[in-house]
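upload_20.tsv follows (TSV, C-alpha atoms and all ligand atoms):
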chain	number	residue	atom	x	y	z
Q	1	MET	CA	67.99	41.54	96.06
Q	2	PRO	CA	69.74	44.77	95.09
Q	3	ASP	CA	68.02	46.83	92.45
Q	4	ARG	CA	69.73	46.13	89.13
Q	5	ARG	CA	68.75	49.54	87.86
Q	6	TRP	CA	70.57	51.14	90.75
Q	7	ILE	CA	73.64	48.98	90.30
Q	8	LEU	CA	73.78	49.76	86.58
Q	9	ALA	CA	73.35	53.44	87.19
Q	10	VAL	CA	76.18	53.55	89.70
Q	11	LEU	CA	78.41	51.42	87.48
Q	12	ALA	CA	77.70	53.62	84.51
Q	13	THR	CA	78.68	56.66	86.47
Q	14	ALA	CA	81.82	55.12	87.86
Q	15	LEU	CA	83.11	53.58	84.70
Q	16	LEU	CA	82.01	55.58	81.72
Q	17	PRO	CA	83.79	58.58	80.34
Q	18	VAL	CA	83.29	62.24	80.05
Q	19	LEU	CA	84.31	61.91	76.44
Q	20	ALA	CA	81.82	62.34	73.69
Q	21	GLY	CA	79.75	59.41	74.84
Q	22	CYS	CA	76.49	59.82	76.67
Q	23	ARG	CA	77.89	58.83	79.96
Q	24	ARG	CA	75.38	59.13	82.70
Q	25	PRO	CA	72.05	60.31	83.83
Q	26	ALA	CA	72.49	63.54	85.65
Q	27	HIS	CA	70.14	65.68	87.63
Q	28	HIS	CA	66.55	64.56	87.54
Q	29	PRO	CA	64.58	67.50	88.81
Q	30	ALA	CA	61.50	66.42	86.92
Q	31	ALA	CA	61.80	62.86	88.05
Q	32	PRO	CA	59.20	62.66	90.81
Q	33	LYS	CA	56.49	63.93	88.48
Q	34	ARG	CA	57.48	61.76	85.57
Q	35	ARG	CA	57.81	58.63	87.63
Q	36	SER	CA	54.68	59.10	89.64
Q	37	ALA	CA	52.58	58.22	86.63
Q	38	GLY	CA	53.33	54.56	87.14
Q	39	ALA	CA	53.67	53.94	83.43
Q	40	SER	CA	55.00	50.46	83.24
Q	41	ALA	CA	54.44	46.85	82.51
Q	42	SER	CA	52.30	46.78	85.60
Q	43	GLY	CA	49.73	48.89	83.80
Q	44	ALA	CA	49.19	51.00	86.91
Q	45	ALA	CA	46.72	53.80	86.35
Q	46	PRO	CA	47.83	57.40	86.66
Q	47	PRO	CA	46.92	59.04	89.96
Q	48	SER	CA	44.28	61.34	88.52
Q	49	ALA	CA	42.47	61.70	85.23
Q	50	PRO	CA	43.51	64.81	83.27
Q	51	LYS	CA	40.68	66.93	81.95
Q	52	ASP	CA	41.84	68.03	78.52
Q	53	THR	CA	41.83	65.66	75.59
Q	54	ALA	CA	45.56	65.64	74.89
Q	55	ALA	CA	46.40	64.93	78.51
Q	56	ALA	CA	43.72	62.26	78.68
Q	57	ARG	CA	45.22	60.58	75.63
Q	58	ARG	CA	48.69	60.65	77.19
Q	59	ALA	CA	47.35	59.29	80.45
Q	60	LYS	CA	45.62	56.44	78.65
Q	61	ALA	CA	48.79	55.63	76.74
Q	62	ALA	CA	50.80	55.72	79.94
Q	63	ALA	CA	48.40	53.34	81.58
Q	64	VAL	CA	48.27	50.72	78.86
Q	65	ALA	CA	51.33	51.11	76.63
Q	66	PRO	CA	54.03	48.50	76.92
Q	67	PRO	CA	57.58	49.41	77.86
Q	68	ILE	CA	59.86	49.18	74.83
Q	69	PRO	CA	63.58	48.82	75.52
Q	70	ILE	CA	65.90	51.21	73.74
Q	71	LEU	CA	69.44	49.83	73.55
Q	72	MET	CA	72.28	52.38	73.71
Q	73	TYR	CA	75.46	51.83	71.71
Q	74	HIS	CA	78.36	54.10	70.85
Q	75	VAL	CA	81.35	52.77	68.90
Q	76	ILE	CA	81.10	49.38	67.19
Q	77	ALA	CA	84.79	48.53	67.13
Q	78	ALA	CA	87.57	47.16	69.30
Q	79	PRO	CA	88.85	49.85	71.65
Q	80	PRO	CA	92.39	51.16	71.16
Q	81	PRO	CA	94.91	49.59	73.58
Q	82	HIS	CA	94.75	51.06	77.08
Q	83	TYR	CA	91.96	53.36	76.01
Q	84	PRO	CA	90.37	54.66	79.22
Q	85	TRP	CA	86.83	54.75	77.85
Q	86	TRP	CA	86.91	51.25	76.42
Q	87	ARG	CA	83.46	50.50	77.75
Q	88	LEU	CA	81.97	52.68	75.01
Q	89	PHE	CA	83.21	50.15	72.48
Q	90	VAL	CA	81.44	46.96	71.44
Q	91	THR	CA	83.32	44.83	68.91
Q	92	PRO	CA	81.60	44.08	65.60
Q	93	ALA	CA	81.64	40.36	66.40
Q	94	LEU	CA	79.98	40.85	69.78
Q	95	PHE	CA	77.46	43.27	68.30
Q	96	ALA	CA	76.55	40.70	65.65
Q	97	ASP	CA	76.17	38.03	68.33
Q	98	GLN	CA	73.96	40.33	70.42
Q	99	MET	CA	71.70	41.11	67.46
Q	100	ALA	CA	71.47	37.44	66.51
Q	101	ALA	CA	70.53	36.57	70.08
Q	102	LEU	CA	67.82	39.23	70.07
Q	103	GLN	CA	66.41	37.82	66.85
Q	104	ARG	CA	66.43	34.27	68.20
Q	105	ALA	CA	64.65	35.51	71.30
Q	106	GLY	CA	61.90	36.93	69.15
Q	107	TYR	CA	62.75	40.62	69.25
Q	108	HIS	CA	61.94	42.92	66.34
Q	109	ALA	CA	63.77	46.23	66.02
Q	110	ILE	CA	61.70	49.30	65.24
Q	111	THR	CA	62.37	53.02	65.06
Q	112	LEU	CA	61.54	55.34	67.92
Q	113	ARG	CA	58.86	56.89	65.75
Q	114	GLN	CA	57.29	53.46	65.36
Q	115	ALA	CA	57.51	52.98	69.13
Q	116	TYR	CA	55.74	56.29	69.57
Q	117	ALA	CA	53.02	55.10	67.21
Q	118	VAL	CA	52.60	51.99	69.34
Q	119	TRP	CA	52.48	54.01	72.54
Q	120	THR	CA	49.88	56.38	71.12
Q	121	GLY	CA	47.70	53.60	69.79
Q	122	ARG	CA	48.35	54.46	66.16
Q	123	ALA	CA	50.09	51.20	65.30
Q	124	PRO	CA	50.06	47.65	66.65
Q	125	ALA	CA	53.13	46.53	68.55
Q	126	PRO	CA	55.22	43.84	66.88
Q	127	ALA	CA	56.26	40.90	68.99
Q	128	ARG	CA	58.95	41.97	71.46
Q	129	PRO	CA	59.65	45.40	70.00
Q	130	ILE	CA	63.05	46.97	70.65
Q	131	VAL	CA	64.83	50.15	69.50
Q	132	ILE	CA	68.57	50.00	68.81
Q	133	SER	CA	70.13	53.42	69.26
Q	134	PHE	CA	73.60	54.65	68.39
Q	135	ASP	CA	74.90	57.86	69.90
Q	136	ASP	CA	77.01	60.72	68.58
Q	137	GLY	CA	77.68	59.56	64.98
Q	138	TYR	CA	80.73	57.32	64.78
Q	139	GLN	CA	81.89	55.96	61.44
Q	140	SER	CA	81.71	52.38	62.74
Q	141	GLN	CA	77.98	52.77	63.08
Q	142	TYR	CA	77.88	52.77	59.30
Q	143	THR	CA	80.73	50.39	58.54
Q	144	ALA	CA	80.06	47.80	61.25
Q	145	ALA	CA	76.54	48.17	62.67
Q	146	LEU	CA	74.66	48.83	59.45
Q	147	PRO	CA	75.64	45.57	57.72
Q	148	VAL	CA	74.52	43.52	60.72
Q	149	LEU	CA	71.19	45.28	61.03
Q	150	ARG	CA	70.65	45.24	57.27
Q	151	ARG	CA	70.95	41.47	57.23
Q	152	LEU	CA	68.21	41.29	59.83
Q	153	GLY	CA	66.09	43.90	58.07
Q	154	TRP	CA	66.23	46.05	61.18
Q	155	PRO	CA	66.48	49.85	61.43
Q	156	GLY	CA	68.70	51.71	63.84
Q	157	LEU	CA	68.19	55.00	65.64
Q	158	LEU	CA	71.08	57.42	65.10
Q	159	ASN	CA	71.35	60.11	67.77
Q	160	LEU	CA	73.46	62.39	65.64
Q	161	GLN	CA	75.68	65.18	66.91
Q	162	VAL	CA	75.77	67.72	64.10
Q	163	GLY	CA	79.31	68.84	64.89
Q	164	ARG	CA	80.65	65.32	64.55
Q	165	ILE	CA	79.59	64.92	60.92
Q	166	GLY	CA	82.62	64.72	58.67
Q	167	VAL	CA	85.25	64.86	61.41
Q	168	SER	CA	87.87	62.15	61.87
Q	169	GLY	CA	86.16	59.00	63.09
Q	170	GLY	CA	82.75	60.54	62.55
Q	171	LEU	CA	80.09	59.71	60.00
Q	172	SER	CA	80.33	61.47	56.67
Q	173	ARG	CA	77.26	63.08	55.17
Q	174	ALA	CA	77.14	60.32	52.58
Q	175	GLN	CA	77.18	57.71	55.34
Q	176	VAL	CA	74.35	59.44	57.17
Q	177	ARG	CA	72.39	59.38	53.93
Q	178	GLY	CA	73.23	55.72	53.57
Q	179	LEU	CA	71.83	54.99	57.00
Q	180	LEU	CA	68.68	56.93	56.19
Q	181	ALA	CA	68.31	55.02	52.94
Q	182	ALA	CA	68.54	51.79	54.93
Q	183	GLY	CA	65.57	52.85	57.05
Q	184	TRP	CA	67.40	54.30	60.02
Q	185	GLU	CA	65.92	57.16	61.97
Q	186	VAL	CA	67.97	60.24	62.85
Q	187	ALA	CA	67.43	62.05	66.14
Q	188	ASP	CA	68.91	65.35	67.32
Q	189	HIS	CA	71.91	65.03	69.65
Q	190	THR	CA	72.86	68.76	69.60
Q	191	VAL	CA	75.66	70.49	67.71
Q	192	THR	CA	78.58	70.33	70.17
Q	193	HIS	CA	77.42	67.78	72.77
Q	194	PRO	CA	77.45	70.19	75.71
Q	195	ASP	CA	76.05	69.78	79.20
Q	196	LEU	CA	72.73	71.40	78.37
Q	197	THR	CA	72.08	72.33	81.99
Q	198	THR	CA	74.95	74.83	81.89
Q	199	LEU	CA	74.00	76.82	78.79
Q	200	THR	CA	72.67	80.31	78.31
Q	201	PRO	CA	69.14	80.49	76.88
Q	202	ALA	CA	70.48	81.46	73.45
Q	203	ALA	CA	73.00	78.62	73.41
Q	204	LEU	CA	70.32	76.17	74.50
Q	205	VAL	CA	68.15	77.20	71.56
Q	206	ARG	CA	71.07	76.72	69.17
Q	207	GLU	CA	71.99	73.32	70.52
Q	208	VAL	CA	68.45	71.94	70.62
Q	209	GLY	CA	66.24	73.54	67.97
Q	210	GLY	CA	69.14	74.80	65.88
Q	211	ALA	CA	70.61	71.33	65.53
Q	212	ARG	CA	67.20	69.98	64.58
Q	213	ARG	CA	66.76	72.57	61.84
Q	214	THR	CA	70.23	71.82	60.47
Q	215	LEU	CA	69.58	68.10	60.31
Q	216	GLN	CA	66.20	68.58	58.67
Q	217	ARG	CA	67.59	71.01	56.11
Q	218	ASP	CA	70.76	69.09	55.28
Q	219	PHE	CA	69.18	65.67	54.99
Q	220	GLY	CA	65.62	66.53	53.99
Q	221	ILE	CA	64.09	64.65	56.92
Q	222	GLN	CA	61.75	65.23	59.81
Q	223	VAL	CA	63.59	64.94	63.13
Q	224	ARG	CA	61.08	63.94	65.78
Q	225	PHE	CA	63.19	62.96	68.78
Q	226	PHE	CA	65.99	64.38	70.88
Q	227	CYS	CA	68.74	62.74	72.92
Q	228	TYR	CA	70.24	64.57	75.93
Q	229	PRO	CA	74.08	64.63	75.77
Q	230	GLY	CA	75.40	62.76	78.76
Q	231	GLY	CA	71.80	62.25	79.82
Q	232	ARG	CA	71.88	65.66	81.50
Q	233	TYR	CA	68.79	67.78	81.71
Q	234	ASN	CA	66.82	69.98	84.05
Q	235	ALA	CA	63.47	71.74	83.90
Q	236	THR	CA	64.84	74.45	81.61
Q	237	VAL	CA	66.26	71.89	79.19
Q	238	LEU	CA	63.02	69.92	79.18
Q	239	ALA	CA	61.11	73.08	78.34
Q	240	ALA	CA	63.52	73.88	75.49
Q	241	VAL	CA	63.13	70.41	74.00
Q	242	ARG	CA	59.35	70.64	74.18
Q	243	HIS	CA	59.40	74.08	72.61
Q	244	ALA	CA	61.62	72.91	69.75
Q	245	GLY	CA	58.84	70.68	68.46
Q	246	PHE	CA	60.03	67.19	69.26
Q	247	LEU	CA	57.72	64.30	70.13
Q	248	GLY	CA	60.01	62.97	72.84
Q	249	ALA	CA	63.55	62.52	74.08
Q	250	THR	CA	65.85	59.81	75.37
Q	251	THR	CA	68.01	59.83	78.49
Q	252	THR	CA	70.74	57.57	79.84
Q	253	TRP	CA	68.71	56.48	82.85
Q	254	PRO	CA	68.62	52.65	82.82
Q	255	GLY	CA	65.32	51.03	82.05
Q	256	ALA	CA	62.83	50.07	79.38
Q	257	ALA	CA	61.22	53.15	77.83
Q	258	ALA	CA	57.58	53.87	78.47
Q	259	PRO	CA	55.41	56.93	78.14
Q	260	ARG	CA	54.74	59.08	81.17
Q	261	ILE	CA	51.65	61.02	82.00
Q	262	ASP	CA	53.57	64.20	81.18
Q	263	GLY	CA	54.74	62.92	77.82
Q	264	TRP	CA	57.71	61.23	76.25
Q	265	TRP	CA	60.47	63.60	77.39
Q	266	THR	CA	62.51	61.29	79.58
Q	267	LEU	CA	62.64	57.89	77.92
Q	268	ASP	CA	64.91	55.36	79.65
Q	269	ARG	CA	67.52	53.38	77.76
Q	270	VAL	CA	69.51	50.17	78.24
Q	271	ARG	CA	73.24	50.76	77.97
Q	272	VAL	CA	75.05	47.87	76.29
Q	273	ASP	CA	78.42	47.45	77.92
Q	274	ALA	CA	81.66	46.49	76.16
Q	275	ASN	CA	81.70	42.92	77.44
Q	276	GLU	CA	77.97	42.30	77.62
Q	277	SER	CA	77.42	38.73	76.48
Q	278	PRO	CA	74.27	38.05	74.48
Q	279	ALA	CA	72.92	35.96	77.35
Q	280	ARG	CA	73.54	38.76	79.81
Q	281	LEU	CA	71.88	41.27	77.52
Q	282	LEU	CA	68.79	39.08	77.20
Q	283	SER	CA	68.75	38.64	80.96
Q	284	ALA	CA	68.90	42.40	81.46
Q	285	LEU	CA	66.02	42.95	79.04
Q	286	ASN	CA	64.00	40.30	80.81
Q	287	TRP	CA	64.70	41.98	84.13
Q	288	TYR	CA	63.57	45.37	82.86
Q	289	ALA	CA	60.44	43.86	81.32
Q	290	HIS	CA	59.35	42.69	84.75
Q	291	HIS	CA	60.43	45.69	86.80
Q	292	PRO	CA	58.41	48.84	86.34
Q	293	PRO	CA	60.27	52.15	86.17
Q	294	ALA	CA	61.04	53.37	89.65
Q	295	PRO	CA	61.51	56.95	90.77
Q	296	PRO	CA	65.18	57.90	90.29
Q	297	PRO	CA	66.98	59.95	92.92
Q	298	ALA	CA	66.46	63.70	92.87
Q	299	ALA	CA	70.14	64.03	91.99
Q	300	PHE	CA	72.32	61.58	90.16
Q	301	PRO	CA	74.63	59.97	91.04
Q	302	PRO	CA	73.75	59.82	94.72
Q	303	ALA	CA	77.41	59.69	95.78
Q	304	VAL	CA	78.02	63.09	94.25
Q	305	ARG	CA	75.10	64.56	96.13
Q	306	ALA	CA	76.76	64.13	99.52
L	1	ZN	ZN	76.39	61.52	73.17
Encoding of this model in structure tokens:
Amino acid sequence: MPDRRWILAVLATALLPVLAGCRRPAHHPAAPKRRSAGASASGAAPPSAPKDTAAARRAKAAAVAPPIPILMYHVIAAPPPHYPWWRLFVTPALFADQMAALQRAGYHAITLRQAYAVWTGRAPAPARPIVISFDDGYQSQYTAALPVLRRLGWPGLLNLQVGRIGVSGGLSRAQVRGLLAAGWEVADHTVTHPDLTTLTPAALVREVGGARRTLQRDFGIQVRFFCYPGGRYNATVLAAVRHAGFLGATTTWPGAAAPRIDGWWTLDRVRVDANESPARLLSALNWYAHHPPAPPPAAFPPAVRA
């Protein structure tokens, strides 16, 4: 049977846009290390026991913590006619059906910070925990997604691009505050949504830590997590995100998120496609729950590597 993760990754690369959306996992230079921990539903132990306390705690978490799927949405609206990046759009009706199906299946949405608390043994896991993330900061995330989640009493995770606030089609500051008031979590998604692997050191600091400081100052919140634009990162980017004071970061690599022995810096997500029926979404989540994270290719996508 072909690996669904592989199929999804290739499809995501082939079909999703360069536009503002987080379109694909890119280079994974740190992948062999992160994946070798065997953090997964299988509960495989890490290859060797770290000596210092912090590393030992991470290793323990990686060995026993459950994978928690993080759904990835962009625009909750019907796509414009003939729009080339229509797959970034999920209609409000389909989104509502997907959320209702998750609830019927026993899922409970939590924030990424709550997931981190579960992974680090600081909080019990609810039944079938799931994180519902929304990238970039589109107005429909407030007008269409919020009402659905509010009815369920569920929070969302907003991966907010600072430079998108207040622009046409983007969330206003008041709407961001409204999401926060409804219990949503805001994560840093840079200022301008660049390919972080191409930046100068100074620009990298501005886009990662600078965006975090802006969000914290403007909204009076603590921003604990980062989301790589387009899923692109390398060792330099990983180091910058660590240095900026985050607890972890999300990618676009398909899978259920789980801690690694080296931390929470490359958390997988589950992209929800434009035509993903609720049944298909549940099937995908079930598949991920029973398939431990596998080492991704050293470069992504593999076709580009040739
Ligand atoms: Zn994005």
Open item on the list: Can you pull out the residues contacting Ala211 in chain Q? Cut-off 9 Å, using all atoms listed in the file, and skip same-chain residues under 6 positions away; I want them as an MDAnalysis selection string.
Closed with: chainID Q and resid 161:162 188:191 205
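Closest to Ile68 in chain Q among Q:Pro259, Q:Pro278, Q:Gly245, Q:Gly169 is Q:Pro259, based on only C-alpha atoms.
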- [ ] Find the spatial neighbours of Arg224 in chain Q, counting only C-alpha atoms, within a cut-off of 10 Å - ignore same-chain residues fewer than 2 positions away - and output them as a VMD selection string.
- [x] chain Q and resid 112 to 113 185 to 188 212 216 221 to 222 226 244 to 249
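The point (63.4, 50.9, 68.7) has these residues within 6 Å of it when all atoms listed in the file are used: Ile70, Ala109, Ile110, Thr111, Leu112, Ile130, Val131 and Ile132 of chain Q.
For the choices Q:Gln98, Q:Thr143, Q:Thr120, Q:Asn159, the atom-to-atom distance to ligand ZN 1 (chain L) is smallest for Q:Asn159 when using all atoms listed in the file.
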Scan for residues within 12 Å of the point (55.5, 42.9, 67.2) in the coordinates of the file, using all atoms listed in the file, and reply as a PDB file with C-alpha atoms, keeping the file's coordinate frame.
ATOM      1  CA  PRO Q  66      54.030  48.500  76.920  1.00  0.00           C
ATOM      2  CA  ILE Q  68      59.860  49.180  74.830  1.00  0.00           C
ATOM      3  CA  GLY Q 106      61.900  36.930  69.150  1.00  0.00           C
ATOM      4  CA  TYR Q 107      62.750  40.620  69.250  1.00  0.00           C
ATOM      5  CA  HIS Q 108      61.940  42.920  66.340  1.00  0.00           C
ATOM      6  CA  ALA Q 109      63.770  46.230  66.020  1.00  0.00           C
ATOM      7  CA  ILE Q 110      61.700  49.300  65.240  1.00  0.00           C
ATOM      8  CA  GLN Q 114      57.290  53.460  65.360  1.00  0.00           C
ATOM      9  CA  ALA Q 115      57.510  52.980  69.130  1.00  0.00           C
ATOM     10  CA  VAL Q 118      52.600  51.990  69.340  1.00  0.00           C
ATOM     11  CA  ALA Q 123      50.090  51.200  65.300  1.00  0.00           C
ATOM     12  CA  PRO Q 124      50.060  47.650  66.650  1.00  0.00           C
ATOM     13  CA  ALA Q 125      53.130  46.530  68.550  1.00  0.00           C
ATOM     14  CA  PRO Q 126      55.220  43.840  66.880  1.00  0.00           C
ATOM     15  CA  ALA Q 127      56.260  40.900  68.990  1.00  0.00           C
ATOM     16  CA  ARG Q 128      58.950  41.970  71.460  1.00  0.00           C
ATOM     17  CA  PRO Q 129      59.650  45.400  70.000  1.00  0.00           C
ATOM     18  CA  ILE Q 130      63.050  46.970  70.650  1.00  0.00           C
TER      19      ILE Q 130
END
As a compact mmCIF listing (two decimals), in the coordinates of the input, the rebuilt range 219-243 of chain Q with N, CA and C atoms:
# COMPACT_ATOMS: atom_id res chain seq x y z
N PHE Q 219 69.49 67.04 55.42
CA PHE Q 219 69.18 65.67 54.99
C PHE Q 219 67.74 65.52 54.49
N GLY Q 220 66.98 66.60 54.52
CA GLY Q 220 65.62 66.53 53.99
C GLY Q 220 64.73 65.57 54.75
N ILE Q 221 64.85 65.59 56.08
CA ILE Q 221 64.09 64.65 56.92
C ILE Q 221 63.33 65.41 57.99
N GLN Q 222 62.41 64.72 58.62
CA GLN Q 222 61.75 65.23 59.81
C GLN Q 222 62.44 64.60 61.02
N VAL Q 223 62.93 65.43 61.92
CA VAL Q 223 63.59 64.94 63.13
C VAL Q 223 62.61 65.07 64.29
N ARG Q 224 62.17 63.95 64.81
CA ARG Q 224 61.08 63.94 65.78
C ARG Q 224 61.53 63.74 67.22
N PHE Q 225 62.76 63.28 67.42
CA PHE Q 225 63.19 62.96 68.78
C PHE Q 225 64.55 63.57 69.09
N PHE Q 226 64.77 63.76 70.38
CA PHE Q 226 65.99 64.38 70.88
C PHE Q 226 66.67 63.43 71.85
N CYS Q 227 67.98 63.55 71.97
CA CYS Q 227 68.74 62.74 72.92
C CYS Q 227 69.64 63.66 73.74
N TYR Q 228 69.49 63.66 75.06
CA TYR Q 228 70.24 64.57 75.93
C TYR Q 228 71.71 64.14 76.00
N PRO Q 229 72.66 65.00 75.64
CA PRO Q 229 74.08 64.63 75.77
C PRO Q 229 74.42 64.30 77.23
N GLY Q 230 75.06 63.18 77.41
CA GLY Q 230 75.40 62.76 78.76
C GLY Q 230 74.19 62.48 79.63
N GLY Q 231 73.02 62.47 79.04
CA GLY Q 231 71.80 62.25 79.82
C GLY Q 231 71.42 63.42 80.71
N ARG Q 232 72.07 64.55 80.55
CA ARG Q 232 71.88 65.66 81.50
C ARG Q 232 70.75 66.58 81.05
N TYR Q 233 69.87 66.84 81.99
CA TYR Q 233 68.79 67.78 81.71
C TYR Q 233 68.27 68.34 83.02
N ASN Q 234 67.55 69.43 82.91
CA ASN Q 234 66.82 69.98 84.05
C ASN Q 234 65.51 70.55 83.49
N ALA Q 235 64.78 71.25 84.33
CA ALA Q 235 63.47 71.74 83.90
C ALA Q 235 63.60 72.70 82.72
N THR Q 236 64.64 73.51 82.71
CA THR Q 236 64.84 74.45 81.61
C THR Q 236 65.11 73.71 80.31
N VAL Q 237 65.94 72.68 80.38
CA VAL Q 237 66.26 71.89 79.19
C VAL Q 237 65.01 71.17 78.68
N LEU Q 238 64.26 70.59 79.60
CA LEU Q 238 63.02 69.92 79.18
C LEU Q 238 62.10 70.89 78.45
N ALA Q 239 61.99 72.09 78.97
CA ALA Q 239 61.11 73.08 78.34
C ALA Q 239 61.62 73.44 76.95
N ALA Q 240 62.94 73.55 76.80
CA ALA Q 240 63.52 73.88 75.49
C ALA Q 240 63.25 72.77 74.48
N VAL Q 241 63.36 71.54 74.92
CA VAL Q 241 63.13 70.41 74.00
C VAL Q 241 61.66 70.35 73.59
N ARG Q 242 60.78 70.57 74.53
CA ARG Q 242 59.35 70.64 74.18
C ARG Q 242 59.09 71.75 73.17
N HIS Q 243 59.66 72.91 73.44
CA HIS Q 243 59.40 74.08 72.61
C HIS Q 243 59.94 73.89 71.19
